[in-house]
Amino acid sequence: MVTTRTQAIAASAAAALLLTACNAGSGSDESADNSSGAAEGESVTIGLAAEPASLDFTTTDGAAIPQAMLDNVYETLVTVDQDGEIAPSLASEWNVSDDGLTYVFTLVDNATFGNGDPFTADDAVFSVERVQSDAWTVSLKAQMDVVESAEATGEHELTVTLKEPSNSWLYAMTTRVGAMFDEQGVGNLAEDPVGTGPYVVRTWQRGTSLTLAANPDYWGEQPFFEEVTLQYFTDANALNNAMLTDSIDVVGTVQAPESLAEFEGGDYQIIEGTTNGEVVLSMNNGASPFDDLEVRQAVRYAIDNQRLMDTCWAGRGTLIGSMVPPTDPWFEDRTGDYPFDLAKAKQLLADAGADGVTVRLRIPTLPYAVACGTVVESMLEDAGFAVTIEELEFPATWLEEVFTAKDYEMSIVAHVEPRDLGNVFGNPDYYTNYGTSELVELLDQADSGTPQEQTTAMKEAATLISQDAAAEFLFLLPNLLVAAPDITGIPKNAIGESFRLADLARG
């Protein structure tokens with residue numbers, strides 16, 4: 001029996017970034033603005049905090065790149081809707097064989113890239129194989145390892161054969177790993193992205209903003225806004241002030257939740273939903289002192305999560321105790337694994353012979369990390385740690401020194417990629433330095449088993465990571481946005497990697 005999934009195709013979109021203004025993006029001819037079909041002269045400005053270090057998510061990590069590029073400039077064969085369900089995009093339907101090894105995708109036949117090239121099954125094959133090549137360097141590429149082959153079995157039909165059944169592969173294809181590229185358009189992805197999406201990159205002013213223009217030849221429904229600007233702010237107050245003075249239309253990521261009172265009772269929309277963003281107090285499991293279980297356990301007992309969230313994030317968010325958000329099928333509340341117990345934290349640290357040990361808390365210059373860093377410092381010092389906070393410019397310095405070089409003892413960062421437990425903790429080469437054989441075996445069982453076996457094994461994996469104190473899970477970020485009253489289509493939940501700009505309109 002063959003499983004067939006067909007749904008109505010939905011349009012999507014997004015944007016982001018910032019210093020030297022440069023024209024970027026094939027097909028972004030400014031003289032062609034009004035031919036796009038978008039509302040003539042309509043523009044919108046979104047205020048955001050974290051900016052991309054590059055526009056190339058194939059070689060540069062950081063959630064800010066797919067936030068801007070995915071579903072906006074680049075599209076995937078399948079996407080994720082607001083409920084976390086897989087939906088069509090460049091593939092109008094797909095069939096899965098009984099043994100779970102063969103996927104046949106029927107591709108839309110009218111999509112073109114921003115440079116005018118038609119999108120065909122050959123491009124899909126190129127895109128899948130490119131992830132498996134040395135051209136992709138980010139660790140997420142491992143999600144394509146399960147693919148045995150990709151073949152164009154028709155001009156608009158792609159057949160993918162897996163080495164073994166995989167519960168996670170199709171979902172991974174909704175993320176940046178599944179982005180479709182033109183073989184003739186990958187020469188300068190860092191500044192000149194070429195995709196099939198509803199927008200093309202117009203200008204990128206590093207340090208300030210990224211501006212997207214409606215793609216005049218977009219195959220799907222034309223977006224409402226002819227131009228979208230993603231404006232970046234390093235200061236939360238400056239971001240709010242820009243909204244209060246009508247300099248921007250949307251605060252895409254509220255970075256000072258306590259300041260929402262400024263907008264309450266005013267002529268603003270306040271949207272609160274959920275995210276995949278686990279705020280993780282990461283510990284370098286491969287280096288002293290956190291190669292010692294008792295020291296890691298001392299950290300977990302030392303953190304009063306509710307008081308921390310109340311103090312640094314105005315009580316907004318969700319306590320989860322693990323690397324699984326409530327929107328995932330295998331979520332379990334694991335906050336009871338390490339309830340706040342200062343006496344136990346002190347005893348564990350003493351038993352490990354680490355009382356007074358000095359650790360660097362190297363955090364990115366992101367509002368949630370800075371705000372929560374001082375609270376974490378105070379709580380750990382109460383337990384007997386000597387903590388030194390170092391703020392590292394984000395994204396470049398933090399990515400280089402903490403993420404890549406693993407030169408840290410502790411850090412704080414929100415991991416916002418969907419279903420990323422295995423990526424963050426299942427790879428011994430990842431910056432957390434975890435990836436135990438027991439965990440890897442559980443992840444393999446989850447991926448190759450039945451859906452029920454997947455849920456069971458993923459719950460066991462989350463339990464193992466929590467009980468082994470591989471990290472401390474501070475809280476789950478809420479999705480907090482403020483918008484002008486006439487902006488529609490604002491996403492309540494942020495459970496994918498992108499900010500879909502094509503959904504936005506002015507009512």
# chains A, B, ... in the order shown; residues from 1 in each chain; ligands from 1
>>> residues_around(residues="A:Glu294", least_positions_apart="4", cutoff="12 Å", atoms="only C-alpha atoms", output="list of chain:residue names")
A:Asn285, A:Ser288, A:Pro289, A:Phe290, A:Ala298, A:Val299, A:Arg300, A:Tyr301, A:Lys344, A:Ala345, A:Lys346, A:Gln347, A:Leu348, A:Leu349, A:Ala350, A:Asp351, A:Ala352, A:Gly353, A:Ala354, A:Asp355, A:Gln467, A:Asp468, A:Ala469, A:Ala470
>>> select_by_dssp(residues="stretch 149-373 of chain A", states="alpha helix (DSSP H)", output="PyMOL selection string")
chain A and resi 169-172+236-244+293-302+305-312+342-351+367-373
>>> write_last_selection(atoms="C-alpha atoms", output="PDB file, in the first residue's frame")
ATOM      1  CA  TRP A 169      13.783  12.713   7.361  1.00  0.00           C
ATOM      2  CA  LEU A 170      10.615  14.212   5.871  1.00  0.00           C
ATOM      3  CA  TYR A 171      10.321  16.637   8.776  1.00  0.00           C
ATOM      4  CA  ALA A 172      13.968  17.613   8.281  1.00  0.00           C
ATOM      5  CA  ALA A 236      15.902  46.014  23.456  1.00  0.00           C
ATOM      6  CA  ASN A 237      14.863  49.535  24.468  1.00  0.00           C
ATOM      7  CA  ALA A 238      15.811  50.893  21.067  1.00  0.00           C
ATOM      8  CA  LEU A 239      13.672  48.184  19.453  1.00  0.00           C
ATOM      9  CA  ASN A 240      10.669  49.124  21.579  1.00  0.00           C
ATOM     10  CA  ASN A 241      11.208  52.835  20.989  1.00  0.00           C
ATOM     11  CA  ALA A 242      11.223  52.237  17.239  1.00  0.00           C
ATOM     12  CA  MET A 243       7.781  50.674  17.587  1.00  0.00           C
ATOM     13  CA  LEU A 244       6.492  53.433  19.866  1.00  0.00           C
ATOM     14  CA  LEU A 293      28.527  14.313  36.538  1.00  0.00           C
ATOM     15  CA  GLU A 294      28.336  15.596  40.120  1.00  0.00           C
ATOM     16  CA  VAL A 295      29.406  19.088  39.034  1.00  0.00           C
ATOM     17  CA  ARG A 296      26.769  19.131  36.296  1.00  0.00           C
ATOM     18  CA  GLN A 297      24.146  17.924  38.754  1.00  0.00           C
ATOM     19  CA  ALA A 298      25.173  20.673  41.163  1.00  0.00           C
ATOM     20  CA  VAL A 299      24.400  23.210  38.440  1.00  0.00           C
ATOM     21  CA  ARG A 300      20.947  21.791  37.841  1.00  0.00           C
ATOM     22  CA  TYR A 301      20.047  21.804  41.532  1.00  0.00           C
ATOM     23  CA  ALA A 302      21.435  25.336  41.936  1.00  0.00           C
ATOM     24  CA  ASN A 305      14.028  28.108  37.234  1.00  0.00           C
ATOM     25  CA  GLN A 306      10.795  29.833  38.175  1.00  0.00           C
ATOM     26  CA  ARG A 307      12.578  32.642  39.977  1.00  0.00           C
ATOM     27  CA  LEU A 308      15.042  32.964  37.097  1.00  0.00           C
ATOM     28  CA  MET A 309      12.264  33.212  34.493  1.00  0.00           C
ATOM     29  CA  ASP A 310      10.359  35.686  36.654  1.00  0.00           C
ATOM     30  CA  THR A 311      13.470  37.823  37.090  1.00  0.00           C
ATOM     31  CA  CYS A 312      15.001  37.877  33.634  1.00  0.00           C
ATOM     32  CA  LEU A 342      20.704  24.712  47.109  1.00  0.00           C
ATOM     33  CA  ALA A 343      21.904  22.432  49.903  1.00  0.00           C
ATOM     34  CA  LYS A 344      22.111  19.456  47.553  1.00  0.00           C
ATOM     35  CA  ALA A 345      23.948  21.580  44.970  1.00  0.00           C
ATOM     36  CA  LYS A 346      26.537  22.614  47.557  1.00  0.00           C
ATOM     37  CA  GLN A 347      26.980  19.026  48.733  1.00  0.00           C
ATOM     38  CA  LEU A 348      27.456  17.677  45.211  1.00  0.00           C
ATOM     39  CA  LEU A 349      30.037  20.332  44.445  1.00  0.00           C
ATOM     40  CA  ALA A 350      31.898  19.512  47.650  1.00  0.00           C
ATOM     41  CA  ASP A 351      31.729  15.766  46.951  1.00  0.00           C
ATOM     42  CA  PRO A 367      18.984  40.241  25.377  1.00  0.00           C
ATOM     43  CA  TYR A 368      17.722  36.998  26.916  1.00  0.00           C
ATOM     44  CA  ALA A 369      21.268  35.693  27.447  1.00  0.00           C
ATOM     45  CA  VAL A 370      22.497  38.937  28.989  1.00  0.00           C
ATOM     46  CA  ALA A 371      19.421  39.324  31.198  1.00  0.00           C
ATOM     47  CA  CYS A 372      19.494  35.717  32.416  1.00  0.00           C
ATOM     48  CA  GLY A 373      23.290  35.532  32.662  1.00  0.00           C
TER      49      GLY A 373
END
>>> closest_atom_pairs(of="stretch 437-502 of chain A", to="stretch 79-102 of chain A", cutoff="12 Å", atoms="only C-alpha atoms", output="Markdown table")
| residue | atom | partner | partner_atom | distance |
| --- | --- | --- | --- | --- |
| A:Asp447 | CA | A:Gly100 | CA | 11.3 |
| A:Ser448 | CA | A:Gly100 | CA | 9.4 |
| A:Gly449 | CA | A:Gly100 | CA | 10.4 |
| A:Thr450 | CA | A:Gly100 | CA | 10.1 |
| A:Pro451 | CA | A:Gly100 | CA | 11.6 |
| A:Gly489 | CA | A:Gln82 | CA | 11.5 |
| A:Ile490 | CA | A:Gln82 | CA | 10.9 |
| A:Pro491 | CA | A:Gln82 | CA | 7.5 |
| A:Lys492 | CA | A:Gln82 | CA | 7.8 |
| A:Asn493 | CA | A:Gln82 | CA | 6.3 |
| A:Ala494 | CA | A:Gln82 | CA | 7.7 |
| A:Ile495 | CA | A:Gly84 | CA | 6.8 |
| A:Gly496 | CA | A:Val80 | CA | 6.5 |
| A:Glu497 | CA | A:Val80 | CA | 9.3 |
| A:Ser498 | CA | A:Val80 | CA | 9.9 |
| A:Phe499 | CA | A:Gln82 | CA | 11.3 |
| A:Arg500 | CA | A:Asp81 | CA | 10.5 |
>>> write_last_selection(atoms="C-alpha atoms", output="PDB file, in the first residue's frame")
ATOM      1  CA  ASP A 447      14.287   7.185  13.746  1.00  0.00           C
ATOM      2  CA  SER A 448      13.916   3.677  12.344  1.00  0.00           C
ATOM      3  CA  GLY A 449      11.013   2.358  14.426  1.00  0.00           C
ATOM      4  CA  THR A 450       7.267   2.724  14.193  1.00  0.00           C
ATOM      5  CA  PRO A 451       5.740   6.090  15.122  1.00  0.00           C
ATOM      6  CA  GLY A 489      -1.117  37.454   9.034  1.00  0.00           C
ATOM      7  CA  ILE A 490       1.230  37.624  12.011  1.00  0.00           C
ATOM      8  CA  PRO A 491       2.256  34.127  13.151  1.00  0.00           C
ATOM      9  CA  LYS A 492       1.190  33.303  16.706  1.00  0.00           C
ATOM     10  CA  ASN A 493       3.609  30.420  17.043  1.00  0.00           C
ATOM     11  CA  ALA A 494       7.216  30.194  15.888  1.00  0.00           C
ATOM     12  CA  ILE A 495       7.732  26.448  15.593  1.00  0.00           C
ATOM     13  CA  GLY A 496       9.534  26.388  12.256  1.00  0.00           C
ATOM     14  CA  GLU A 497      12.790  28.059  11.254  1.00  0.00           C
ATOM     15  CA  SER A 498      11.347  30.927   9.233  1.00  0.00           C
ATOM     16  CA  PHE A 499       9.385  34.143   9.649  1.00  0.00           C
ATOM     17  CA  ARG A 500       6.908  33.838   6.769  1.00  0.00           C
TER      18      ARG A 500
END
>>> select_by_dssp(residues="stretch 310-371 of chain A", states="strand (DSSP E)", output="PyMOL selection string")
chain A and resi 358-364
>>> write_last_selection(atoms="C-alpha atoms", output="JSON list (two decimals), in the first residue's frame")
[["chain", "number", "residue", "atom", "x", "y", "z"],
["A", 358, "THR", "CA", 36.10, 28.98, 38.52],
["A", 359, "VAL", "CA", 34.03, 28.77, 35.36],
["A", 360, "ARG", "CA", 33.56, 31.17, 32.48],
["A", 361, "LEU", "CA", 29.98, 31.86, 31.48],
["A", 362, "ARG", "CA", 30.55, 33.00, 27.90],
["A", 363, "ILE", "CA", 27.28, 34.35, 26.60],
["A", 364, "PRO", "CA", 26.18, 35.92, 23.31]]
>>> residues_around(residues="stretch 323-326 of chain A", least_positions_apart="4", cutoff="8 Å", atoms="only C-alpha atoms", output="ChimeraX atom specification")
/A:275-278,330-332,419-421,462,473,476
>>> write_last_selection(atoms="C-alpha atoms", output="compact mmCIF listing (two decimals), in the first residue's frame")
# COMPACT_ATOMS: atom_id res chain seq x y z
CA THR A 275 8.28 28.50 20.09
CA ASN A 276 10.85 25.72 19.79
CA GLY A 277 13.35 27.97 21.56
CA GLU A 278 14.76 26.08 24.52
CA TRP A 330 7.27 13.09 22.80
CA PHE A 331 7.11 15.97 25.27
CA GLU A 332 7.16 15.14 28.97
CA ARG A 419 13.16 18.81 16.89
CA ASP A 420 16.82 19.47 17.59
CA LEU A 421 17.47 17.19 20.56
CA ALA A 462 15.04 13.25 26.67
CA PHE A 473 17.17 23.83 30.53
CA LEU A 476 11.14 27.74 26.73
>>> residues_around(residues="stretch 52-60 of chain A", least_positions_apart="4", cutoff="6 Å", atoms="only C-alpha atoms", output="MDAnalysis selection string")
chainID A and resid 17 64:65 136:138 189:191
>>> atom_distance(atom1="atom CA of A:Glu438", atom2="atom CA of A:Gln454")
15.5 Å
>>> residues_around(residues="A:Ala150", least_positions_apart="5", cutoff="8 Å", atoms="only C-alpha atoms", output="list in words")
Val125, Val128, Glu129, Leu158, Thr159, Val160 and Thr161 of chain A
>>> closest_residue(among="A:Gly197, A:Gly321, A:Gly315, A:Gly384", to="A:Thr76", atoms="only C-alpha atoms")
A:Gly197
>>> residues_around(residues="A:Gln445", least_positions_apart="6", cutoff="12 Å", atoms="only C-alpha atoms", output="VMD selection string")
chain A and resid 164 to 168 438 to 439 451 to 461
>>> write_last_selection(atoms="C-alpha atoms", output="mmCIF file, in the first residue's frame")
data_model
loop_
_atom_site.group_PDB
_atom_site.id
_atom_site.type_symbol
_atom_site.label_atom_id
_atom_site.label_comp_id
_atom_site.auth_asym_id
_atom_site.auth_seq_id
_atom_site.Cartn_x
_atom_site.Cartn_y
_atom_site.Cartn_z
ATOM 1 C CA GLU A 164 16.671 2.665 6.054
ATOM 2 C CA PRO A 165 13.282 3.910 7.235
ATOM 3 C CA SER A 166 13.490 7.304 8.898
ATOM 4 C CA ASN A 167 10.770 9.005 10.922
ATOM 5 C CA SER A 168 12.649 12.281 10.975
ATOM 6 C CA GLU A 438 23.623 5.172 24.751
ATOM 7 C CA LEU A 439 21.935 8.314 23.465
ATOM 8 C CA PRO A 451 5.740 6.090 15.122
ATOM 9 C CA GLN A 452 4.929 4.712 18.584
ATOM 10 C CA GLU A 453 8.462 3.352 18.963
ATOM 11 C CA GLN A 454 9.760 6.770 17.907
ATOM 12 C CA THR A 455 7.761 8.508 20.625
ATOM 13 C CA THR A 456 8.857 6.001 23.269
ATOM 14 C CA ALA A 457 12.545 6.178 22.325
ATOM 15 C CA MET A 458 12.538 9.984 22.110
ATOM 16 C CA LYS A 459 11.025 10.207 25.589
ATOM 17 C CA GLU A 460 13.789 7.912 26.824
ATOM 18 C CA ALA A 461 16.393 10.071 25.074
#
>>> closest_residue(among="A:Val375, A:Ala483, A:Leu443, A:Ile270", to="A:Ile303", atoms="only C-alpha atoms")
A:Val375
